[in-house]
Structures are given as C-alpha cells and as structure tokens.
$ cat target_32.pdb   # PDB, C-alpha atoms
MODEL        1
ATOM      1  CA  MET K   1       0.000   0.000   0.000
ATOM      2  CA  ALA K   2       1.177   3.539  -0.719
ATOM      3  CA  ASN K   3       2.535   5.483   2.238
ATOM      4  CA  ASP K   4       0.266   8.462   1.456
ATOM      5  CA  GLU K   5      -2.781   6.333   2.168
ATOM      6  CA  TYR K   6      -2.405   7.210   5.854
ATOM      7  CA  LYS K   7      -1.094  10.179   7.770
ATOM      8  CA  ILE K   8      -0.114  10.780  11.365
ATOM      9  CA  VAL K   9      -2.411  13.508  12.635
ATOM     10  CA  ASP K  10      -1.019  13.950  16.132
ATOM     11  CA  ALA K  11       2.322  12.976  17.602
ATOM     12  CA  TYR K  12       4.394  13.922  20.594
ATOM     13  CA  TYR K  13       6.919  12.350  22.898
ATOM     14  CA  GLY K  14       8.585  13.332  26.117
ATOM     15  CA  LYS K  15       9.647  12.467  29.628
ATOM     16  CA  GLY K  16       7.392  11.933  32.622
ATOM     17  CA  GLY K  17       8.015  11.478  36.310
ATOM     18  CA  VAL K  18      11.043  13.791  36.447
ATOM     19  CA  ARG K  19      11.300  14.446  40.173
ATOM     20  CA  LEU K  20      13.596  17.008  41.697
ATOM     21  CA  MET K  21      14.051  19.090  44.808
ATOM     22  CA  ARG K  22      15.776  22.447  44.880
ATOM     23  CA  VAL K  23      17.086  23.852  48.178
ATOM     24  CA  ASP K  24      17.748  27.594  48.387
ATOM     25  CA  ARG K  25      19.875  28.642  51.348
ATOM     26  CA  GLN K  26      19.923  32.153  52.742
ATOM     27  CA  GLY K  27      22.124  31.820  55.787
ATOM     28  CA  PRO K  28      20.377  29.578  58.318
ATOM     29  CA  VAL K  29      17.021  29.847  56.490
ATOM     30  CA  HIS K  30      16.499  27.160  53.856
ATOM     31  CA  THR K  31      13.622  27.017  51.335
ATOM     32  CA  ILE K  32      12.680  23.850  49.475
ATOM     33  CA  THR K  33      10.706  23.215  46.300
ATOM     34  CA  GLU K  34       9.966  19.620  45.298
ATOM     35  CA  ILE K  35       8.303  19.023  41.940
ATOM     36  CA  GLU K  36       7.520  16.361  39.361
ATOM     37  CA  VAL K  37       7.799  17.410  35.714
ATOM     38  CA  LYS K  38       6.382  16.003  32.491
ATOM     39  CA  THR K  39       7.560  17.248  29.079
ATOM     40  CA  HIS K  40       5.861  16.685  25.712
ATOM     41  CA  LEU K  41       7.468  17.838  22.442
ATOM     42  CA  THR K  42       5.960  17.872  18.955
ATOM     43  CA  LEU K  43       8.362  18.001  15.997
ATOM     44  CA  SER K  44       7.984  19.571  12.567
ATOM     45  CA  SER K  45       8.130  16.181  10.846
ATOM     46  CA  VAL K  46       7.149  12.612  11.613
ATOM     47  CA  LYS K  47      10.082  11.005   9.805
ATOM     48  CA  ASP K  48      11.116   9.324  13.040
ATOM     49  CA  TYR K  49       7.820   7.406  12.893
ATOM     50  CA  THR K  50       7.488   6.826   9.148
ATOM     51  CA  GLN K  51      11.103   6.601   7.929
ATOM     52  CA  SER K  52      13.039   5.371  10.983
ATOM     53  CA  ASP K  53      14.992   8.654  10.859
ATOM     54  CA  ASN K  54      15.948   9.766  14.369
ATOM     55  CA  THR K  55      18.025  12.824  13.439
ATOM     56  CA  ASP K  56      15.488  15.335  14.810
ATOM     57  CA  ILE K  57      14.776  13.548  18.081
ATOM     58  CA  ILE K  58      15.779  15.225  21.335
ATOM     59  CA  ALA K  59      16.070  12.134  23.507
ATOM     60  CA  THR K  60      13.709  11.948  26.452
ATOM     61  CA  ASP K  61      16.793  11.458  28.625
ATOM     62  CA  SER K  62      18.095  14.795  27.317
ATOM     63  CA  GLN K  63      14.758  16.382  28.200
ATOM     64  CA  LYS K  64      15.120  15.008  31.724
ATOM     65  CA  ASN K  65      18.635  16.434  32.001
ATOM     66  CA  THR K  66      17.365  19.808  30.789
ATOM     67  CA  VAL K  67      14.923  19.971  33.690
ATOM     68  CA  TYR K  68      17.706  19.543  36.247
ATOM     69  CA  ILE K  69      20.112  21.908  34.501
ATOM     70  CA  LEU K  70      17.575  24.741  34.159
ATOM     71  CA  ALA K  71      16.544  24.264  37.792
ATOM     72  CA  LYS K  72      20.183  24.770  38.754
ATOM     73  CA  GLN K  73      20.699  27.744  36.423
ATOM     74  CA  TYR K  74      17.514  29.701  37.063
ATOM     75  CA  GLY K  75      15.886  28.320  40.182
ATOM     76  CA  ILE K  76      12.150  27.681  40.561
ATOM     77  CA  PRO K  77      10.508  30.999  41.549
ATOM     78  CA  THR K  78       7.128  29.345  40.995
ATOM     79  CA  ILE K  79       6.142  26.198  39.130
ATOM     80  CA  GLU K  80       4.445  28.375  36.493
ATOM     81  CA  ASP K  81       7.628  30.405  35.931
ATOM     82  CA  PHE K  82       9.671  27.229  35.649
ATOM     83  CA  ALA K  83       7.216  25.631  33.210
ATOM     84  CA  LEU K  84       7.408  28.750  31.027
ATOM     85  CA  ARG K  85      11.211  28.631  31.196
ATOM     86  CA  LEU K  86      11.243  25.004  30.041
ATOM     87  CA  SER K  87       8.765  25.629  27.233
ATOM     88  CA  GLN K  88      10.696  28.605  25.873
ATOM     89  CA  HIS K  89      13.977  26.704  26.110
ATOM     90  CA  PHE K  90      12.777  23.799  23.961
ATOM     91  CA  LEU K  91      11.135  26.076  21.387
ATOM     92  CA  MET K  92      14.117  28.436  21.061
ATOM     93  CA  LYS K  93      16.961  25.928  21.155
ATOM     94  CA  TYR K  94      15.553  23.368  18.727
ATOM     95  CA  PRO K  95      14.170  24.623  15.384
ATOM     96  CA  GLN K  96      12.458  21.274  14.754
ATOM     97  CA  VAL K  97      10.271  21.627  17.874
ATOM     98  CA  THR K  98       6.928  23.169  16.915
ATOM     99  CA  LYS K  99       4.868  22.649  20.074
ATOM    100  CA  VAL K 100       5.580  22.087  23.764
ATOM    101  CA  HIS K 101       3.437  20.940  26.662
ATOM    102  CA  ILE K 102       4.848  21.113  30.199
ATOM    103  CA  HIS K 103       3.056  19.746  33.263
ATOM    104  CA  ILE K 104       4.432  20.272  36.786
ATOM    105  CA  ASP K 105       3.118  18.942  40.107
ATOM    106  CA  LYS K 106       4.314  20.527  43.332
ATOM    107  CA  LEU K 107       4.549  18.641  46.607
ATOM    108  CA  PRO K 108       2.947  20.532  49.521
ATOM    109  CA  TRP K 109       5.860  20.957  51.933
ATOM    110  CA  GLN K 110       5.385  23.551  54.699
ATOM    111  CA  ARG K 111       7.685  24.753  57.437
ATOM    112  CA  ILE K 112       7.262  23.190  60.858
ATOM    113  CA  GLN K 113       6.001  25.745  63.360
ATOM    114  CA  LYS K 114       6.665  25.799  67.083
ATOM    115  CA  GLY K 115       5.469  28.453  69.470
ATOM    116  CA  GLY K 116       4.286  30.598  66.579
ATOM    117  CA  ARG K 117       7.733  30.544  64.940
ATOM    118  CA  GLN K 118       8.597  28.945  61.609
ATOM    119  CA  HIS K 119      11.483  26.487  61.557
ATOM    120  CA  ASN K 120      14.522  27.491  59.495
ATOM    121  CA  HIS K 121      15.134  24.137  57.866
ATOM    122  CA  ALA K 122      12.541  21.534  58.961
ATOM    123  CA  PHE K 123       9.367  20.840  56.989
ATOM    124  CA  VAL K 124       6.165  18.796  57.160
ATOM    125  CA  MET K 125       3.989  17.534  54.316
ATOM    126  CA  ASN K 126       0.595  19.263  54.269
ATOM    127  CA  ARG K 127      -1.713  17.178  52.102
ATOM    128  CA  ASP K 128      -4.855  19.338  52.205
ATOM    129  CA  ALA K 129      -4.479  20.058  48.455
ATOM    130  CA  TYR K 130      -1.946  19.486  45.691
ATOM    131  CA  ARG K 131      -0.869  22.197  43.270
ATOM    132  CA  TYR K 132      -0.030  21.834  39.592
ATOM    133  CA  CYS K 133       0.351  23.883  36.431
ATOM    134  CA  GLU K 134       0.478  23.377  32.668
ATOM    135  CA  VAL K 135       1.972  25.356  29.802
ATOM    136  CA  HIS K 136       0.995  24.813  26.164
ATOM    137  CA  GLN K 137       2.934  26.781  23.560
ATOM    138  CA  ASN K 138       3.408  26.701  19.802
ATOM    139  CA  LYS K 139       6.523  28.053  18.149
ATOM    140  CA  HIS K 140       6.211  31.853  17.702
ATOM    141  CA  GLY K 141       2.968  31.737  19.701
ATOM    142  CA  ARG K 142       1.906  33.024  23.094
ATOM    143  CA  PRO K 143       1.962  30.468  25.903
ATOM    144  CA  THR K 144      -1.272  29.277  27.454
ATOM    145  CA  VAL K 145      -0.788  28.897  31.185
ATOM    146  CA  SER K 146      -3.209  27.040  33.429
ATOM    147  CA  ALA K 147      -2.977  26.095  37.083
ATOM    148  CA  GLY K 148      -4.921  23.940  39.446
ATOM    149  CA  LEU K 149      -5.441  22.241  42.748
ATOM    150  CA  LEU K 150      -6.299  18.602  43.416
ATOM    151  CA  GLY K 151      -7.724  16.678  46.327
ATOM    152  CA  LEU K 152      -9.163  19.470  48.500
ATOM    153  CA  GLN K 153     -11.457  17.402  50.731
ATOM    154  CA  VAL K 154     -14.138  19.364  52.567
ATOM    155  CA  LEU K 155     -17.139  18.470  54.723
ATOM    156  CA  LYS K 156     -19.878  20.257  56.629
ATOM    157  CA  THR K 157     -22.437  18.738  58.976
ATOM    158  CA  THR K 158     -25.391  21.032  58.304
ATOM    159  CA  GLN K 159     -26.802  23.754  56.018
ATOM    160  CA  SER K 160     -26.875  21.522  52.979
ATOM    161  CA  ALA K 161     -30.067  20.340  51.312
ATOM    162  CA  PHE K 162     -31.056  18.437  48.192
ATOM    163  CA  ARG K 163     -34.713  18.391  47.254
ATOM    164  CA  ASN K 164     -37.222  18.964  44.442
ATOM    165  CA  PHE K 165     -35.330  16.808  41.941
ATOM    166  CA  VAL K 166     -36.956  14.540  39.372
ATOM    167  CA  LYS K 167     -39.590  12.169  40.749
ATOM    168  CA  ASP K 168     -40.201   9.093  38.632
ATOM    169  CA  GLU K 169     -40.220   5.303  38.827
ATOM    170  CA  TYR K 170     -36.406   5.167  39.098
ATOM    171  CA  ARG K 171     -36.045   7.456  42.096
ATOM    172  CA  SER K 172     -35.341   6.018  45.549
ATOM    173  CA  LEU K 173     -33.550   8.968  47.175
ATOM    174  CA  PRO K 174     -35.778  11.056  49.465
ATOM    175  CA  ASP K 175     -35.644  14.830  49.734
ATOM    176  CA  ALA K 176     -33.027  16.009  52.239
ATOM    177  CA  ASP K 177     -33.679  19.273  54.085
ATOM    178  CA  ASP K 178     -30.490  19.091  56.099
ATOM    179  CA  ARG K 179     -27.635  16.675  55.516
ATOM    180  CA  ILE K 180     -23.912  16.107  55.829
ATOM    181  CA  VAL K 181     -22.201  17.042  52.585
ATOM    182  CA  SER K 182     -18.626  16.220  51.626
ATOM    183  CA  THR K 183     -16.635  16.394  48.428
ATOM    184  CA  VAL K 184     -13.098  16.320  47.086
ATOM    185  CA  VAL K 185     -12.550  19.415  44.962
ATOM    186  CA  ASP K 186     -10.410  19.488  41.832
ATOM    187  CA  ALA K 187     -10.087  22.867  40.130
ATOM    188  CA  LYS K 188      -8.263  24.096  37.037
ATOM    189  CA  TRP K 189      -8.127  27.662  35.754
ATOM    190  CA  VAL K 190      -6.704  29.347  32.663
ATOM    191  CA  TYR K 191      -4.982  32.736  32.568
ATOM    192  CA  SER K 192      -5.895  35.224  29.842
ATOM    193  CA  HIS K 193      -2.783  37.312  30.458
ATOM    194  CA  LEU K 194       0.297  36.936  32.629
ATOM    195  CA  GLU K 195       1.543  40.469  33.251
ATOM    196  CA  GLY K 196       2.030  41.215  36.934
ATOM    197  CA  LEU K 197       0.724  37.837  38.070
ATOM    198  CA  ASP K 198       1.621  36.517  41.504
ATOM    199  CA  TYR K 199       1.011  32.813  40.885
ATOM    200  CA  ASP K 200       1.435  31.838  44.526
ATOM    201  CA  ARG K 201      -1.097  34.433  45.682
ATOM    202  CA  VAL K 202      -3.607  33.453  42.982
ATOM    203  CA  TRP K 203      -3.469  29.804  44.052
ATOM    204  CA  GLU K 204      -4.211  30.774  47.643
ATOM    205  CA  ILE K 205      -7.073  33.061  46.547
ATOM    206  CA  VAL K 206      -8.694  30.265  44.531
ATOM    207  CA  LYS K 207      -8.431  27.891  47.461
ATOM    208  CA  THR K 208      -9.896  30.511  49.804
ATOM    209  CA  CYS K 209     -12.796  31.196  47.431
ATOM    210  CA  ILE K 210     -13.680  27.504  47.386
ATOM    211  CA  LEU K 211     -13.523  27.191  51.177
ATOM    212  CA  ASP K 212     -15.484  30.414  51.732
ATOM    213  CA  GLU K 213     -18.298  29.452  49.381
ATOM    214  CA  PHE K 214     -18.454  25.957  50.840
ATOM    215  CA  GLY K 215     -18.292  26.849  54.530
ATOM    216  CA  GLY K 216     -19.420  30.468  54.741
ATOM    217  CA  ASP K 217     -19.190  32.536  57.922
ATOM    218  CA  PRO K 218     -17.420  30.628  60.738
ATOM    219  CA  ASP K 219     -20.371  31.116  63.100
ATOM    220  CA  ARG K 220     -23.393  31.064  60.797
ATOM    221  CA  GLY K 221     -22.166  29.041  57.823
ATOM    222  CA  VAL K 222     -23.851  29.313  54.412
ATOM    223  CA  PHE K 223     -26.811  27.373  53.032
ATOM    224  CA  SER K 224     -26.291  25.171  49.976
ATOM    225  CA  ALA K 225     -29.265  23.986  47.932
ATOM    226  CA  SER K 226     -27.029  21.643  45.933
ATOM    227  CA  VAL K 227     -23.406  20.863  45.197
ATOM    228  CA  GLN K 228     -24.042  22.356  41.758
ATOM    229  CA  ASN K 229     -24.906  25.755  43.213
ATOM    230  CA  THR K 230     -21.939  25.735  45.599
ATOM    231  CA  LEU K 231     -19.625  24.885  42.699
ATOM    232  CA  TYR K 232     -21.025  27.746  40.610
ATOM    233  CA  MET K 233     -20.716  30.272  43.438
ATOM    234  CA  ALA K 234     -17.081  29.287  44.045
ATOM    235  CA  GLU K 235     -16.206  29.609  40.360
ATOM    236  CA  LYS K 236     -17.964  32.986  40.180
ATOM    237  CA  ALA K 237     -16.026  34.217  43.220
ATOM    238  CA  VAL K 238     -12.742  33.256  41.551
ATOM    239  CA  LEU K 239     -13.561  35.155  38.344
ATOM    240  CA  ASN K 240     -14.706  38.174  40.364
ATOM    241  CA  LYS K 241     -11.490  38.328  42.391
ATOM    242  CA  ILE K 242      -8.883  37.423  39.772
ATOM    243  CA  PRO K 243      -9.260  39.390  36.514
ATOM    244  CA  GLN K 244      -6.405  37.471  34.863
ATOM    245  CA  VAL K 245      -8.387  34.208  35.034
ATOM    246  CA  SER K 246     -10.544  33.734  31.935
ATOM    247  CA  ARG K 247     -11.992  30.298  32.690
ATOM    248  CA  ILE K 248     -12.227  27.885  35.597
ATOM    249  CA  ASN K 249     -13.348  24.269  35.753
ATOM    250  CA  MET K 250     -14.265  22.455  38.960
ATOM    251  CA  VAL K 251     -15.136  18.838  39.705
ATOM    252  CA  MET K 252     -16.868  17.976  42.984
ATOM    253  CA  PRO K 253     -17.775  14.293  43.488
ATOM    254  CA  ASN K 254     -20.119  13.431  46.339
ATOM    255  CA  ARG K 255     -18.721  11.657  49.386
ATOM    256  CA  HIS K 256     -21.841  10.415  51.143
ATOM    257  CA  TYR K 257     -22.352  10.011  54.885
ATOM    258  CA  PHE K 258     -25.500   8.012  55.575
ATOM    259  CA  ALA K 259     -27.017   7.767  59.042
ATOM    260  CA  PHE K 260     -26.537   4.227  60.283
ATOM    261  CA  ASP K 261     -29.883   2.420  60.560
ATOM    262  CA  LEU K 262     -30.336   1.629  64.234
ATOM    263  CA  THR K 263     -34.002   0.626  63.903
ATOM    264  CA  LYS K 264     -32.749  -2.914  63.352
ATOM    265  CA  PHE K 265     -31.739  -3.019  67.016
ATOM    266  CA  PRO K 266     -34.962  -2.258  68.937
ATOM    267  CA  LYS K 267     -33.675  -3.669  72.246
ATOM    268  CA  PHE K 268     -31.363  -0.682  72.631
ATOM    269  CA  GLY K 269     -34.263   1.765  72.559
ATOM    270  CA  PHE K 270     -32.709   4.307  70.186
ATOM    271  CA  LYS K 271     -35.347   6.870  69.200
ATOM    272  CA  ASP K 272     -33.302   8.566  66.516
ATOM    273  CA  ASN K 273     -29.759   8.733  65.175
ATOM    274  CA  THR K 274     -28.125  12.035  64.330
ATOM    275  CA  GLU K 275     -24.665  11.113  65.591
ATOM    276  CA  VAL K 276     -23.428   7.922  63.887
ATOM    277  CA  PHE K 277     -22.884   7.890  60.123
ATOM    278  CA  MET K 278     -21.443   5.474  57.600
ATOM    279  CA  PRO K 279     -19.054   6.996  54.998
ATOM    280  CA  VAL K 280     -19.723   5.801  51.439
ATOM    281  CA  ASP K 281     -17.576   7.051  48.572
ATOM    282  CA  LYS K 282     -18.567   4.493  45.899
ATOM    283  CA  PRO K 283     -20.687   4.759  43.910
ATOM    284  CA  SER K 284     -20.656   8.539  43.980
ATOM    285  CA  GLY K 285     -22.219  11.362  42.041
ATOM    286  CA  THR K 286     -19.889  13.632  40.080
ATOM    287  CA  ILE K 287     -20.702  17.299  39.602
ATOM    288  CA  ALA K 288     -18.590  19.374  37.198
ATOM    289  CA  ALA K 289     -18.851  22.667  35.328
ATOM    290  CA  SER K 290     -16.678  25.255  33.619
ATOM    291  CA  LEU K 291     -17.308  28.979  33.985
ATOM    292  CA  GLU K 292     -15.811  31.596  31.705
ATOM    293  CA  ARG K 293     -16.184  35.298  31.145
ATOM    294  CA  ASN K 294     -18.898  36.350  28.733
ATOM    295  CA  ILE K 295     -16.858  38.636  26.501
ATOM    296  CA  GLN K 296     -19.865  39.607  24.354
ATOM    297  CA  SER K 297     -21.636  41.091  27.343
ATOM    298  CA  LYS K 298     -18.887  43.719  27.581
ATOM    299  CA  LEU K 299     -18.981  44.727  23.903
TER
ENDMDL
END

$ encode --input "target_32.pdb" --output "structure tokens"
Amino acid sequence: MANDEYKIVDAYYGKGGVRLMRVDRQGPVHTITEIEVKTHLTLSSVKDYTQSDNTDIIATDSQKNTVYILAKQYGIPTIEDFALRLSQHFLMKYPQVTKVHIHIDKLPWQRIQKGGRQHNHAFVMNRDAYRYCEVHQNKHGRPTVSAGLLGLQVLKTTQSAFRNFVKDEYRSLPDADDRIVSTVVDAKWVYSHLEGLDYDRVWEIVKTCILDEFGGDPDRGVFSASVQNTLYMAEKAVLNKIPQVSRINMVMPNRHYFAFDLTKFPKFGFKDNTEVFMPVDKPSGTIAASLERNIQSKL
C-alpha cells in the first residue's frame, strides 16, 4: 500500500516522572521546592515514525537532564515560571520543535512551626491540596498557562439540602432538608494574560474562594441547595477576584455520609440517630462545570 494512504495527525513524545528538589539557602534559612515534571514535544516532521529517521529527536533522557540543569541555572521561583522557562527553552533551542506541553506537580511541603515561629530548615507535608500547572505553547505563539489544585477534601455537617429533583419510577432517594455534605474538589483555571501575576497568591485566593463558598461565615455558615450551586458560586467568586483568570473548571464528586440504621436493634431503645454515620464514597455522584467570562456582554 502507498505510504500516502495514511497520515499521522497527532504525535508527541517526552519524559514523565522527572522528580527534583531544589534547596535555596539564605544563611540559616532554607527554602525547598519539590516538583515532578512532564515534558511533551511535537516536531515539525514525523520522519522518526514513518522513515526510521531519528536525526530530529531530542532524547527523552536529554529532556530530563534539561529539567535539572535549568533548575540549577535559574531556580524555581514558581512552578508556572519554571514551566514557562522550560517551554521557551525547547522552542528556542531546537528549530524542529513546533509545540511544547509542560506539566508540573508541586509537593505541599510547609515549614514546621513551634510556638508561633517557623522552623529554618525543617518541613512537614501538608496534604490538604496538591498544586499543579500546565503550559501549552506553539513556536512563535503566546503560551497558554493554566494552574490547578487537586484533592481538596471538605465536609460540613449542616446547612446543605437536596430536594425537588426529578420524581419518577427510578427514584429512591428522598428529599433532604439538612444533611452532611462532603466532596473532594479538583479545580483548574486558565490565565488570559500573565503580566504582573503573583502565581502563589492566585493559588491561595482560589483555594480561599472555594472554602469560603463551601463553609461560609465561621459562626453562621452558608446554606447550599445543591453541590451544583456551591460549585457555581465558588467559580464565580474566583472570576470576580482574579481578573487574569478567563476560565475555571471544577469537579466535585459526592462523598456520602448516611445515618446508620439503628431501627434494626430495637432492644437498645434508640429513638433517633443524628450522631453515627457510615461513609460511602462508591458509587458517587460527580458534579462538574466550567465557567468563563462572557466577553460579548462587555462589547
């Protein structure tokens, strides 16, 4: 069969799982950044696939080495800055590279605190949420930078309802006027422009928006008619507070807590049960939505 009968429509290659830690020392105060990097490169030809010609390939081992060398040369101010540095390096150094995708995960190390003081060189892993970023860039094009958080598990014991949903022959779930609600939040947002951005501050603002819309005032809380509405309010808060964010996506799967049925044990004389619950995470509902700015409304 003729070779032109088929064509490769998408191809990339790269290195994943490149783990490194950088330690910056300023006298007795040490700062650490531990990351895991994934690189994807797309080349101007596919002759390595179709003709067994490897002359344009930048070996994935070389890509791995580049990560360590650039971390030594330029440091890691933020994971977004470092991802941009890597992307620009591959596009500028190698004329055959036409497109780059960089993904970086950051491990959540925090300084140990004692008596209100932060330790100079001792750290503890804080797993409340994981941070990551991505850069997509074509040669001679502007980079697209996105960032995100993963695994932010939240729960509240009241002020959450779910009622007035479809009633038909398949429904078994009763209306709930007040229930425990829990979810594990994943969020990803895209920047429309990068000038003057403080990536670290933005990440903290997004996390705070999610927690504020979920929990509300520390004393009074905030009522949620559904996970869908809470998700929307959190995304709206992010777009209101961070003008550089053009779009945000959130995923919030249900983690159910069902009251344990004690009516099966009448000898104990339990009249009700509002204290003992059974966690159930599978099967679970998944709620997701993306919110972006309506540019037309401003024209």

$ closest_atom_pairs --input "target_32.pdb" --of "region 78-197 of chain K" --to "region 46-51 of chain K" --cutoff "12 Å" --atoms "only C-alpha atoms" --output "tab-separated table"
residue	atom	partner	partner_atom	distance
K:Gln96	CA	K:Val46	CA	10.6
K:Val97	CA	K:Val46	CA	11.4
K:Thr98	CA	K:Val46	CA	11.8

$ residues_around --input "target_32.pdb" --residues "region 170-184 of chain K" --least-positions-apart "5" --cutoff "9 Å" --atoms "all atoms listed in the file" --output "list in words"
Leu150, Gly151, Leu152, Gln153, Val154, Leu155, Lys156, Thr157, Thr158, Gln159, Ser160, Ala161, Phe162, Arg163, Asn164, Phe165, Ala225, Val227, Val251, Met252, Pro253, Asn254, Arg255, His256, Tyr257 and Phe258 of chain K

$ write_last_selection --input "target_32.pdb" --atoms "C-alpha atoms" --output "short mmCIF file (atom, residue, chain, number, x, y, z; two decimals), keeping the file's coordinate frame"
data_model
loop_
_atom_site.label_atom_id
_atom_site.label_comp_id
_atom_site.auth_asym_id
_atom_site.auth_seq_id
_atom_site.Cartn_x
_atom_site.Cartn_y
_atom_site.Cartn_z
CA LEU K 150 -6.30 18.60 43.42
CA GLY K 151 -7.72 16.68 46.33
CA LEU K 152 -9.16 19.47 48.50
CA GLN K 153 -11.46 17.40 50.73
CA VAL K 154 -14.14 19.36 52.57
CA LEU K 155 -17.14 18.47 54.72
CA LYS K 156 -19.88 20.26 56.63
CA THR K 157 -22.44 18.74 58.98
CA THR K 158 -25.39 21.03 58.30
CA GLN K 159 -26.80 23.75 56.02
CA SER K 160 -26.88 21.52 52.98
CA ALA K 161 -30.07 20.34 51.31
CA PHE K 162 -31.06 18.44 48.19
CA ARG K 163 -34.71 18.39 47.25
CA ASN K 164 -37.22 18.96 44.44
CA PHE K 165 -35.33 16.81 41.94
CA ALA K 225 -29.26 23.99 47.93
CA VAL K 227 -23.41 20.86 45.20
CA VAL K 251 -15.14 18.84 39.70
CA MET K 252 -16.87 17.98 42.98
CA PRO K 253 -17.77 14.29 43.49
CA ASN K 254 -20.12 13.43 46.34
CA ARG K 255 -18.72 11.66 49.39
CA HIS K 256 -21.84 10.42 51.14
CA TYR K 257 -22.35 10.01 54.88
CA PHE K 258 -25.50 8.01 55.58
#

$ closest_residue --input "target_32.pdb" --among "K:Lys106, K:Arg220, K:Ile76, K:Glu134" --to "Val23 (chain K)" --atoms "only C-alpha atoms"
K:Ile76

$ atom_distance --input "target_32.pdb" --atom1 "CA of Glu80 (chain K)" --atom2 "CA of Lys64 (chain K)"
17.8 Å

$ closest_residue --input "target_32.pdb" --among "K:Val222, K:Thr66, K:Ile32, K:Tyr199" --to "Lys93 (chain K)" --atoms "only C-alpha atoms"
K:Thr66

$ resolve_selection --input "target_32.pdb" --expression "the PyMOL selection byres ((chain K and resi 112-125) around 9)" --output "PyMOL selection string"
chain K and resi 28-32+107-111+126-127

$ atom_distance --input "target_32.pdb" --atom1 "CA of Arg201 (chain K)" --atom2 "CA of Ile102 (chain K)"
21.3 Å

$ resolve_selection --input "target_32.pdb" --expression "the PyMOL selection byres ((chain K and resi 231) around 9)" --output "MDAnalysis selection string"
chainID K and resid 210 213:214 226:230 232:236 250:252 287:289

$ closest_residue --input "target_32.pdb" --among "K:Asn138, K:Asp217, K:Val18, K:Pro95" --to "Ala71 (chain K)" --atoms "all atoms listed in the file"
K:Val18

$ closest_residue --input "target_32.pdb" --among "K:Leu262, K:Leu43, K:Ile58, K:Val67" --to "Met21 (chain K)" --atoms "all atoms listed in the file"
K:Val67

$ resolve_selection --input "target_32.pdb" --expression "the PyMOL selection byres ((chain K and resi 205) around 12)" --output "number ranges by chain"
K: 148-149, 198-204, 206-212, 234-235, 237-242, 245

$ atom_distance --input "target_32.pdb" --atom1 "CA of Thr274 (chain K)" --atom2 "CA of Ala259 (chain K)"
6.9 Å

$ closest_residue --input "target_32.pdb" --among "K:Gly17, K:His103, K:Ile79, K:Arg22" --to "His40 (chain K)" --atoms "only C-alpha atoms"
K:His103

$ closest_residue --input "target_32.pdb" --among "K:Val145, K:Tyr12, K:Asp105, K:Ser192" --to "Ile295 (chain K)" --atoms "only C-alpha atoms"
K:Ser192

$ residues_around --input "target_32.pdb" --residues "Tyr191 (chain K)" --least-positions-apart "2" --cutoff "10 Å" --atoms "only C-alpha atoms" --output "list in words"
Pro143, Thr144, Val145, Ser146, Ala147, Trp189, His193, Leu194, Leu197, Ile242, Pro243, Gln244, Val245, Ser246, Arg247 and Ile248 of chain K

$ residues_around --input "target_32.pdb" --residues "Lys99 (chain K)" --least-positions-apart "5" --cutoff "6 Å" --atoms "all atoms listed in the file" --output "list in words"
Leu41, Thr42, Gln137, Asn138 and Lys139 of chain K

$ axis_aligned_box --input "target_32.pdb" --around "region 40-50 of chain K" --padding-each-side "4 Å" --output "AutoDock Vina command-line options"
--center_x 8.5 --center_y 13.2 --center_z 17.4 --size_x 13.3 --size_y 20.7 --size_z 24.6

$ residues_around --input "target_32.pdb" --residues "Ala59 (chain K)" --least-positions-apart "2" --cutoff "12 Å" --atoms "all atoms listed in the file" --output "list in words"
Tyr13, Gly14, Lys15, Thr39, His40, Leu41, Asp48, Asn54, Thr55, Asp56, Ile57, Asp61, Ser62, Gln63, Lys64, Asn65 and Thr66 of chain K

$ write_last_selection --input "target_32.pdb" --atoms "C-alpha atoms" --output "PDB file, keeping the file's coordinate frame"
ATOM      1  CA  TYR K  13       6.919  12.350  22.898  1.00  0.00           C
ATOM      2  CA  GLY K  14       8.585  13.332  26.117  1.00  0.00           C
ATOM      3  CA  LYS K  15       9.647  12.467  29.628  1.00  0.00           C
ATOM      4  CA  THR K  39       7.560  17.248  29.079  1.00  0.00           C
ATOM      5  CA  HIS K  40       5.861  16.685  25.712  1.00  0.00           C
ATOM      6  CA  LEU K  41       7.468  17.838  22.442  1.00  0.00           C
ATOM      7  CA  ASP K  48      11.116   9.324  13.040  1.00  0.00           C
ATOM      8  CA  ASN K  54      15.948   9.766  14.369  1.00  0.00           C
ATOM      9  CA  THR K  55      18.025  12.824  13.439  1.00  0.00           C
ATOM     10  CA  ASP K  56      15.488  15.335  14.810  1.00  0.00           C
ATOM     11  CA  ILE K  57      14.776  13.548  18.081  1.00  0.00           C
ATOM     12  CA  ASP K  61      16.793  11.458  28.625  1.00  0.00           C
ATOM     13  CA  SER K  62      18.095  14.795  27.317  1.00  0.00           C
ATOM     14  CA  GLN K  63      14.758  16.382  28.200  1.00  0.00           C
ATOM     15  CA  LYS K  64      15.120  15.008  31.724  1.00  0.00           C
ATOM     16  CA  ASN K  65      18.635  16.434  32.001  1.00  0.00           C
ATOM     17  CA  THR K  66      17.365  19.808  30.789  1.00  0.00           C
TER      18      THR K  66
END
